[in-house]
Amino acid sequence: MQVFKKIGLGFAAMLASLNAFADYSWNFPEPVTPMALDTLHVHNKFMLITMVIFVVVLAIMIYSIFAHRKNKGYKAVEDKVPSTAVEIFWVLVPFVILLLIDFVIMGIPAYHSVVMMEDTRDKATMVIKVTGSQWRWQYEYLDGEAQGIKFVSNLTTTADEQHNVAEKKENYLLEVDNHLVLPVGEKVRILMTASDVLHNWWVPQFGSSRVAVPGFIRETWVQVDKAGTYRGQCKELCGKGHGYMPVVVDAVPMEEYKVWVTAKKAEIAKAGEIKEMTKDDLVAQGKGVYEKNCAVCHQVNGAGLPPAFPAMTGSKIALGPIFGADGKYLKDSHLDRLLNGKGVMPAWKATLNDTEIAAVITYERQALGNAATVDPIVQPAQVKAARQ
Amino acid sequence: MSTTTVAHDEVHHDHPSGIMRWLTTTNHKDIGTMYLTFSLVMFLVGGAMVLGIRAELFQPGLQLMNPDFYNQLIGVHALIMIFAALMPAATGFANWMIPLQIGAPDMALPRLNNWGFWLLPPSAILLTLPFTLALFGIGDGAIATGWTFYPPLSVQGGIGVDFAIFAVHLLGVSSVMGSINIIVTLFNMRAPGMTLMKMPMFAWGWLITAFLLVATIPVLAGAVTMLLTDRHFGTHFFDAAGGGDPIMFQHLFWFFGHPEVYILLLPVWGFIPQILQTFSRKPMYGYKAQVYSLWAIGALAVVVWAHHFFTAGMPVPALLYFMYSTMAISLPLAVLFFCWIKTMWKGSMTFETPMLFAVGWIILFGIGGLTGLVLADVAADAQYHNSYFVVAHFHYTLFAGGIMGIMAGVYYWLPKMTGNMYDETLGKWHFWLTAISFNLTFIPQFFVGLAGMPRRIPDYALQFAEFNMISSIAAFALGLSQLLFVYVIIKCVKGGKKATDKVWEGAEGLEWTLPSPPPYHSFTEQPVIK
């Protein structure tokens, strides 16, 4: 008895703790783009129509279930073998009702929604490119004053939170290091692509969702009419990190956007500077890069998840030579693998800058239980040279 | 003439016993029983997998499994439920009941029939073996792409993908053979006087299903074969770098995949009206209208496939075409719903378990159908697509519309098959437990889906926690309720009140003119339909 009481109390406590932040939202979140607003209207209207159909049909059936029962002594009527004309008339009634609903009541607004949704160019004032890769989003501003800004957006929720070691923060699994920043009220044309497998860039409050296809450009658009931070997720299964590549967008007023553009450009210019670094500096910076980008597969301690994701510790590649006698990097060397990828290993040359690549290679060679003696460290300048 | 028939029969009565009976049998009832048993076993296997998934989703955070294993479970759960539970159940009923319903001595191609069944266990093993191999360090587990095999993810995947491709090939071969058998049987072995337009509705449903299978399974086989050569032999069908297109796979896959939905449902739409007329004690309404509707749905099924990937990007005219053609499916379905309810209307109804399942089926499948109608809308689909809304929608069509329909059939025909009545009280308990826990499992999923939870994620944001917890608890109730189903079936097979030939007061049709259980060789004299 005591045991049951304990279990019961535990269960009640668990429910109570959940209740503290109970959220029973059951419809679309507040729309902030014209498309999401339209989608919400369409959805509500159609739900209402289908609900009415459902209730009416159900009511007729339930009436019949209660009225026409054998145990109430109800005798089955002999259906007159219906004349074909009468039968045709009756079965055409539901047919015509649905015809009207499908192609008039629902069909006409649906047509306008589709046309609006697919019109990505009219009145668009800026263009950005979104690239999905396993398992992060990359953003690039293609025109206007922000042209050239390019960054990667990584999940910041810690492994401890995911494994229930640390308390989960408010935006658990919906937080990233670099937010996409868009000006309020501007129609932004979005070019979508992917570098490895299919992804889908989705923010529920924007009402747009489009698959990112590797090797192809797909288009969609957003026009955020209300300032704020909006969160979404990848919604095309893209491997084991599918649940861990959120989308976070800050919509800010134009002036604020301009300030952000200037600051971001300066930040990127500074990060792109090539300078000679010490081993310790490289290892220190490399640790951050590794844990953000590599640890999801190769694990924080470098043990990997063999056979798909090999261990870093003791790896032949991480301990082997990088540069040949001519100073060029060798095929299948550590640097080659990082720049160009192979199989499941993605290519990082488009995602990480020279310093980051140099740092993470050095970290992998000098930490995680490794102490490479051949080519012990890699300098940013060497990575820069290797790209050419 | 008559002496040869007798001699022929005697040879067959001398059939082997024990395991050899089942391995070598060409008897349609034996094969039907094996199909149904296999289906039930795989239903429990697929169910156990999904309970693993729901346990992981009980709370935010990773509790029980890593994301890769989670992805393997969702894909294999779907493949097993579709190919190894639902389809074999429908084929099992076809084997058992079509010869009885049309007055035939057996299926037309009995050896093919035996082969068709015995391809299933190896393919089930192929699907699940990678889990076991991974335990011994071979490969990295089963297919982790979901049941849809989308490249390039499936090109990246491990040996689990190859196993799944071969499993699907075998299952496809088995389905095509079963379908050919049914088409040949229905066209050649109907009792004298049974014209096509006098065929039982179940036979009609299966005839259209069989045509759909023969038409679409080869396309799936082609698609997964292209995937196989992309993976191992350097082709680039689905790789843009070599001039291919990943989205082409989706077109090929769903050219099979959408008809597949109707393949699973048409047999059920066949026997549900028969159950309704039996327990309403009144002939089914609008036989012709129903047959024509089934044909219309069969025809529409093969021209609407792209609504499964509206968000993949296609030209506006294509979007509009696939939207409107998809909506058109609701027209024949509205006619079917009307006929089903009109069959009940002013009948003299009783509510034994098969009827409870049939009525519950109409309501729940109705929810699946109506949510399908809104999903056809391209703009709204951008929000619904790949969210839990879709997960809830297709479980209303495939669990309620498919599996609960199959359960109605099981209770309806079990007394005929075994000669014993099942335990009515337990049957009713099973219905109510299933119906209630099913709704509690999936209604919250509509809500989290609308609120923005994507499907196929092993962990989720905190705002989805409450509904997921409800859904997980209810899923376990749903799973446990099915043990009751198994118990009722076993109890009925072992004994119980003897069933009469007619079993149900209002039953009509040739299968009810035979003894329960029917003799090993069903009709000694060919029945004549007037």
# chains A, B, ... in the order shown; residues from 1 in each chain; ligands from 1

$ residues_around --residues "B:Leu100" --least-positions-apart "2" --cutoff "9 Å" --atoms "only C-alpha atoms" --output "MDAnalysis selection string"
chainID B and resid 96:98 102:106 509:512 514 518 522:523

$ write_last_selection --atoms "N, CA and C atoms" --output "compact mmCIF listing (two decimals), in the first residue's frame"
# COMPACT_ATOMS: atom_id res chain seq x y z
N TRP B 96 -9.26 -16.31 -47.18
CA TRP B 96 -10.30 -17.04 -46.48
C TRP B 96 -11.65 -16.86 -47.13
N MET B 97 -12.01 -15.61 -47.40
CA MET B 97 -13.40 -15.30 -47.66
C MET B 97 -13.79 -15.19 -49.13
N ILE B 98 -12.85 -14.79 -50.00
CA ILE B 98 -13.28 -14.61 -51.39
C ILE B 98 -13.78 -15.92 -52.01
N ILE B 102 -17.74 -16.17 -53.23
CA ILE B 102 -18.14 -16.27 -54.63
C ILE B 102 -18.44 -17.71 -55.03
N GLY B 103 -18.44 -18.61 -54.06
CA GLY B 103 -18.81 -19.99 -54.34
C GLY B 103 -17.75 -20.77 -55.10
N ALA B 104 -16.47 -20.45 -54.86
CA ALA B 104 -15.39 -21.16 -55.54
C ALA B 104 -14.81 -22.22 -54.61
N PRO B 105 -14.24 -23.30 -55.18
CA PRO B 105 -13.65 -24.34 -54.32
C PRO B 105 -12.36 -23.90 -53.64
N ASP B 106 -11.60 -23.03 -54.27
CA ASP B 106 -10.32 -22.57 -53.70
C ASP B 106 -9.92 -21.34 -54.51
N GLY B 509 -25.28 -14.01 -47.73
CA GLY B 509 -24.12 -14.29 -48.57
C GLY B 509 -23.74 -15.75 -48.49
N LEU B 510 -22.98 -16.20 -49.51
CA LEU B 510 -22.67 -17.63 -49.63
C LEU B 510 -21.86 -18.17 -48.47
N GLU B 511 -20.95 -17.33 -47.88
CA GLU B 511 -20.10 -17.87 -46.83
C GLU B 511 -20.92 -18.33 -45.63
N TRP B 512 -22.12 -17.80 -45.46
CA TRP B 512 -22.94 -18.16 -44.31
C TRP B 512 -23.82 -19.37 -44.58
N LEU B 514 -22.41 -22.21 -45.56
CA LEU B 514 -21.55 -23.35 -45.23
C LEU B 514 -21.53 -23.56 -43.72
N PRO B 518 -16.03 -23.98 -42.03
CA PRO B 518 -16.35 -24.60 -43.31
C PRO B 518 -15.48 -25.83 -43.51
N SER B 522 -14.38 -26.31 -49.53
CA SER B 522 -15.58 -25.58 -49.16
C SER B 522 -16.86 -26.11 -49.78
N PHE B 523 -17.01 -25.92 -51.08
CA PHE B 523 -18.29 -26.27 -51.70
C PHE B 523 -18.17 -27.62 -52.39

$ select_by_dssp --residues "stretch 248-443 of chain B" --states "alpha helix (DSSP H)" --output "PyMOL selection string"
chain B and resi 248-280+287-301+316-328+330-344+353-375+378-384+388-395+405-418+424-443

$ write_last_selection --atoms "C-alpha atoms" --output "CSV table (one decimal), in the first residue's frame"
chain,number,residue,atom,x,y,z
B,248,MET,CA,12.3,12.5,-58.6
B,249,PHE,CA,12.5,9.7,-56.0
B,250,GLN,CA,9.6,11.3,-54.2
B,251,HIS,CA,7.5,11.3,-57.4
B,252,LEU,CA,8.2,7.7,-58.0
B,253,PHE,CA,7.8,6.7,-54.4
B,254,TRP,CA,4.4,8.4,-53.9
B,255,PHE,CA,3.2,7.2,-57.3
B,256,PHE,CA,3.1,4.0,-55.4
B,257,GLY,CA,2.7,5.4,-51.9
B,258,HIS,CA,-0.6,7.2,-52.4
B,259,PRO,CA,-2.4,4.3,-54.1
B,260,GLU,CA,-1.0,2.3,-51.2
B,261,VAL,CA,-3.3,4.1,-48.9
B,262,TYR,CA,-6.3,2.9,-50.9
B,263,ILE,CA,-4.7,-0.5,-51.2
B,264,LEU,CA,-4.9,-0.7,-47.4
B,265,LEU,CA,-8.4,0.8,-47.2
B,266,LEU,CA,-10.4,-0.6,-50.2
B,267,PRO,CA,-10.7,-4.2,-48.8
B,268,VAL,CA,-12.0,-2.6,-45.5
B,269,TRP,CA,-14.5,-0.4,-47.5
B,270,GLY,CA,-15.6,-3.7,-49.0
B,271,PHE,CA,-16.5,-5.6,-45.9
B,272,ILE,CA,-17.7,-2.8,-43.6
B,273,PRO,CA,-20.9,-2.4,-45.7
B,274,GLN,CA,-21.4,-6.2,-45.3
B,275,ILE,CA,-21.1,-5.9,-41.6
B,276,LEU,CA,-23.5,-2.9,-41.5
B,277,GLN,CA,-26.1,-4.7,-43.5
B,278,THR,CA,-25.8,-7.8,-41.3
B,279,PHE,CA,-26.4,-6.0,-38.1
B,280,SER,CA,-29.0,-3.6,-39.5
B,287,TYR,CA,-24.7,-1.2,-54.1
B,288,LYS,CA,-24.1,0.2,-57.6
B,289,ALA,CA,-23.2,3.7,-56.3
B,290,GLN,CA,-20.7,2.1,-53.9
B,291,VAL,CA,-19.1,0.0,-56.7
B,292,TYR,CA,-18.8,3.0,-58.9
B,293,SER,CA,-17.4,5.1,-56.1
B,294,LEU,CA,-14.8,2.4,-55.4
B,295,TRP,CA,-13.7,2.5,-59.0
B,296,ALA,CA,-13.6,6.3,-59.0
B,297,ILE,CA,-11.4,6.3,-55.9
B,298,GLY,CA,-9.2,3.6,-57.4
B,299,ALA,CA,-8.8,5.8,-60.6
B,300,LEU,CA,-8.1,9.0,-58.6
B,301,ALA,CA,-5.6,7.2,-56.4
B,316,VAL,CA,1.9,26.8,-59.6
B,317,PRO,CA,-0.1,24.8,-62.2
B,318,ALA,CA,1.1,21.6,-60.8
B,319,LEU,CA,0.3,22.6,-57.3
B,320,LEU,CA,-3.2,23.6,-58.4
B,321,TYR,CA,-3.8,20.4,-60.3
B,322,PHE,CA,-2.7,18.1,-57.4
B,323,MET,CA,-4.7,20.2,-54.9
B,324,TYR,CA,-8.0,20.0,-56.9
B,325,SER,CA,-7.6,16.4,-57.9
B,326,THR,CA,-6.9,15.5,-54.3
B,327,MET,CA,-10.0,17.3,-53.2
B,328,ALA,CA,-12.0,15.4,-55.8
B,330,SER,CA,-13.8,13.5,-51.2
B,331,LEU,CA,-16.7,13.3,-53.8
B,332,PRO,CA,-16.9,9.5,-54.1
B,333,LEU,CA,-16.0,9.2,-50.4
B,334,ALA,CA,-19.0,11.3,-49.5
B,335,VAL,CA,-21.2,9.0,-51.6
B,336,LEU,CA,-19.7,6.0,-49.7
B,337,PHE,CA,-20.3,7.6,-46.3
B,338,PHE,CA,-23.9,8.4,-47.3
B,339,CYS,CA,-24.5,4.8,-48.4
B,340,TRP,CA,-23.0,3.4,-45.2
B,341,ILE,CA,-25.2,5.5,-43.0
B,342,LYS,CA,-28.3,5.0,-45.2
B,343,THR,CA,-27.7,1.2,-44.8
B,344,MET,CA,-28.0,1.7,-41.0
B,353,THR,CA,-18.6,-6.3,-31.4
B,354,PRO,CA,-18.2,-6.3,-35.2
B,355,MET,CA,-20.9,-3.6,-35.4
B,356,LEU,CA,-19.4,-1.5,-32.6
B,357,PHE,CA,-16.1,-1.6,-34.6
B,358,ALA,CA,-17.9,-0.8,-37.8
B,359,VAL,CA,-19.7,2.2,-36.4
B,360,GLY,CA,-16.6,3.5,-34.5
B,361,TRP,CA,-14.8,3.0,-37.7
B,362,ILE,CA,-17.2,5.3,-39.6
B,363,ILE,CA,-16.7,8.1,-37.1
B,364,LEU,CA,-13.0,7.8,-36.7
B,365,PHE,CA,-12.3,7.2,-40.4
B,366,GLY,CA,-14.5,10.3,-41.0
B,367,ILE,CA,-12.1,12.4,-38.9
B,368,GLY,CA,-9.2,11.0,-40.9
B,369,GLY,CA,-11.0,11.8,-44.2
B,370,LEU,CA,-12.0,15.3,-43.3
B,371,THR,CA,-8.5,16.2,-42.0
B,372,GLY,CA,-7.2,14.8,-45.3
B,373,LEU,CA,-9.5,17.3,-47.1
B,374,VAL,CA,-7.9,20.3,-45.4
B,375,LEU,CA,-4.4,18.8,-46.0
B,378,VAL,CA,-1.6,23.8,-50.6
B,379,ALA,CA,-1.3,26.9,-48.4
B,380,ALA,CA,-2.5,25.2,-45.2
B,381,ASP,CA,-0.4,22.2,-46.1
B,382,ALA,CA,2.8,24.3,-45.7
B,383,GLN,CA,1.9,24.4,-42.0
B,384,TYR,CA,0.6,20.8,-41.6
B,388,TYR,CA,2.3,16.0,-35.8
B,389,PHE,CA,-0.9,17.1,-37.4
B,390,VAL,CA,-0.1,14.8,-40.3
B,391,VAL,CA,0.9,12.0,-38.0
B,392,ALA,CA,-2.5,12.2,-36.3
B,393,HIS,CA,-4.3,12.4,-39.6
B,394,PHE,CA,-2.7,9.3,-41.1
B,395,HIS,CA,-3.2,7.3,-37.9
B,405,GLY,CA,-11.6,-2.0,-39.7
B,406,ILE,CA,-9.6,-5.2,-39.8
B,407,MET,CA,-10.6,-5.8,-36.2
B,408,ALA,CA,-14.3,-5.5,-37.2
B,409,GLY,CA,-13.7,-8.1,-39.8
B,410,VAL,CA,-11.9,-10.4,-37.4
B,411,TYR,CA,-14.9,-10.4,-35.0
B,412,TYR,CA,-17.3,-10.7,-37.8
B,413,TRP,CA,-15.7,-13.8,-39.4
B,414,LEU,CA,-13.9,-15.4,-36.5
B,415,PRO,CA,-17.0,-17.6,-35.6
B,416,LYS,CA,-17.2,-18.7,-39.2
B,417,MET,CA,-13.5,-19.5,-39.3
B,418,THR,CA,-13.2,-21.3,-36.0
B,424,GLU,CA,-18.7,-11.0,-26.5
B,425,THR,CA,-18.1,-9.2,-23.2
B,426,LEU,CA,-14.4,-9.2,-23.7
B,427,GLY,CA,-14.8,-8.2,-27.4
B,428,LYS,CA,-16.8,-5.1,-26.3
B,429,TRP,CA,-14.2,-4.2,-23.7
B,430,HIS,CA,-11.6,-4.5,-26.4
B,431,PHE,CA,-13.6,-2.1,-28.6
B,432,TRP,CA,-14.1,0.6,-25.9
B,433,LEU,CA,-10.6,0.4,-24.6
B,434,THR,CA,-9.2,0.7,-28.2
B,435,ALA,CA,-11.5,3.5,-29.3
B,436,ILE,CA,-11.0,5.6,-26.2
B,437,SER,CA,-7.2,5.2,-25.9
B,438,PHE,CA,-6.8,5.7,-29.6
B,439,ASN,CA,-8.5,9.0,-29.5
B,440,LEU,CA,-6.5,10.1,-26.4
B,441,THR,CA,-3.3,9.1,-28.1
B,442,PHE,CA,-3.9,11.0,-31.4
B,443,ILE,CA,-6.2,14.0,-30.6

$ residues_around --residues "stretch 324-330 of chain A" --least-positions-apart "2" --cutoff "12 Å" --atoms "only C-alpha atoms" --output "list in words"
Ile317, Gly320, Pro321, Ile322, Asp332, Ser333, His334, Leu335, Asp336, Arg337, Leu338, Leu339, Asn340, Val374, Asp375, Val378, Gln382, Val383, Lys384, Ala385, Ala386, Arg387 and Gln388 of chain A

$ residues_around --residues "A:Leu155" --least-positions-apart "4" --cutoff "10 Å" --atoms "only C-alpha atoms" --output "MDAnalysis selection string"
chainID A and resid 135:137 172:178 244:248 292:293

$ closest_atom_pairs --of "stretch 191-287 of chain B" --to "stretch 167-181 of chain B" --cutoff "8 Å" --atoms "only C-alpha atoms" --output "tab-separated table"
residue	atom	partner	partner_atom	distance
B:Thr209	CA	B:Ser179	CA	7.8
B:Ala210	CA	B:Ser179	CA	4.5
B:Phe211	CA	B:Ser179	CA	7.2
B:Leu213	CA	B:Val176	CA	6.3
B:Val214	CA	B:Val176	CA	5.5
B:Ile217	CA	B:Gly172	CA	5.9
B:Pro218	CA	B:Gly172	CA	7.8
B:Ala221	CA	B:His169	CA	6.0

$ residues_around --residues "B:Trp345" --least-positions-apart "5" --cutoff "12 Å" --atoms "only C-alpha atoms" --output "ChimeraX atom specification"
/A:60-69,74-79 /B:276-277,279-285,338-340

$ atom_distance --atom1 "atom CA of B:Thr33" --atom2 "atom CA of B:Phe166"
25.4 Å

$ residues_around --residues "B:Trp118" --least-positions-apart "4" --cutoff "10 Å" --atoms "only C-alpha atoms" --output "JSON, numbers by chain"
{"B": [22, 23, 24, 31, 34, 35, 112, 113, 114, 122, 123, 174]}

$ write_last_selection --atoms "N, CA and C atoms" --output "PDB file, in the first residue's frame"
ATOM      1  N   TRP B  22       1.729 -26.848 -42.996  1.00  0.00           N
ATOM      2  CA  TRP B  22       1.700 -25.395 -43.192  1.00  0.00           C
ATOM      3  C   TRP B  22       2.700 -24.948 -44.257  1.00  0.00           C
ATOM      4  N   LEU B  23       3.842 -25.645 -44.326  1.00  0.00           N
ATOM      5  CA  LEU B  23       4.833 -25.262 -45.327  1.00  0.00           C
ATOM      6  C   LEU B  23       4.362 -25.561 -46.742  1.00  0.00           C
ATOM      7  N   THR B  24       3.632 -26.661 -46.898  1.00  0.00           N
ATOM      8  CA  THR B  24       3.316 -27.108 -48.256  1.00  0.00           C
ATOM      9  C   THR B  24       1.870 -26.853 -48.639  1.00  0.00           C
ATOM     10  N   ILE B  31      -3.789 -21.022 -45.890  1.00  0.00           N
ATOM     11  CA  ILE B  31      -2.935 -19.884 -46.233  1.00  0.00           C
ATOM     12  C   ILE B  31      -3.508 -18.602 -45.634  1.00  0.00           C
ATOM     13  N   MET B  34      -2.562 -18.471 -42.090  1.00  0.00           N
ATOM     14  CA  MET B  34      -1.154 -18.093 -41.889  1.00  0.00           C
ATOM     15  C   MET B  34      -0.961 -16.589 -42.089  1.00  0.00           C
ATOM     16  N   TYR B  35      -1.598 -16.044 -43.120  1.00  0.00           N
ATOM     17  CA  TYR B  35      -1.514 -14.598 -43.344  1.00  0.00           C
ATOM     18  C   TYR B  35      -2.008 -13.836 -42.108  1.00  0.00           C
ATOM     19  N   LEU B 112       0.934 -20.650 -56.236  1.00  0.00           N
ATOM     20  CA  LEU B 112       1.376 -19.255 -56.192  1.00  0.00           C
ATOM     21  C   LEU B 112       0.999 -18.639 -54.846  1.00  0.00           C
ATOM     22  N   ASN B 113      -0.183 -19.052 -54.390  1.00  0.00           N
ATOM     23  CA  ASN B 113      -0.698 -18.556 -53.128  1.00  0.00           C
ATOM     24  C   ASN B 113       0.235 -18.918 -51.978  1.00  0.00           C
ATOM     25  N   ASN B 114       0.666 -20.174 -51.961  1.00  0.00           N
ATOM     26  CA  ASN B 114       1.570 -20.642 -50.925  1.00  0.00           C
ATOM     27  C   ASN B 114       2.894 -19.861 -50.979  1.00  0.00           C
ATOM     28  N   PRO B 122      10.558 -14.263 -44.526  1.00  0.00           N
ATOM     29  CA  PRO B 122      11.927 -13.797 -44.790  1.00  0.00           C
ATOM     30  C   PRO B 122      12.031 -12.279 -44.879  1.00  0.00           C
ATOM     31  N   SER B 123      11.027 -11.629 -45.471  1.00  0.00           N
ATOM     32  CA  SER B 123      11.155 -10.179 -45.588  1.00  0.00           C
ATOM     33  C   SER B 123      11.002  -9.502 -44.238  1.00  0.00           C
ATOM     34  N   SER B 174       5.501 -10.583 -53.292  1.00  0.00           N
ATOM     35  CA  SER B 174       4.425 -11.314 -52.619  1.00  0.00           C
ATOM     36  C   SER B 174       3.070 -10.657 -52.890  1.00  0.00           C
TER      37      SER B 174
END
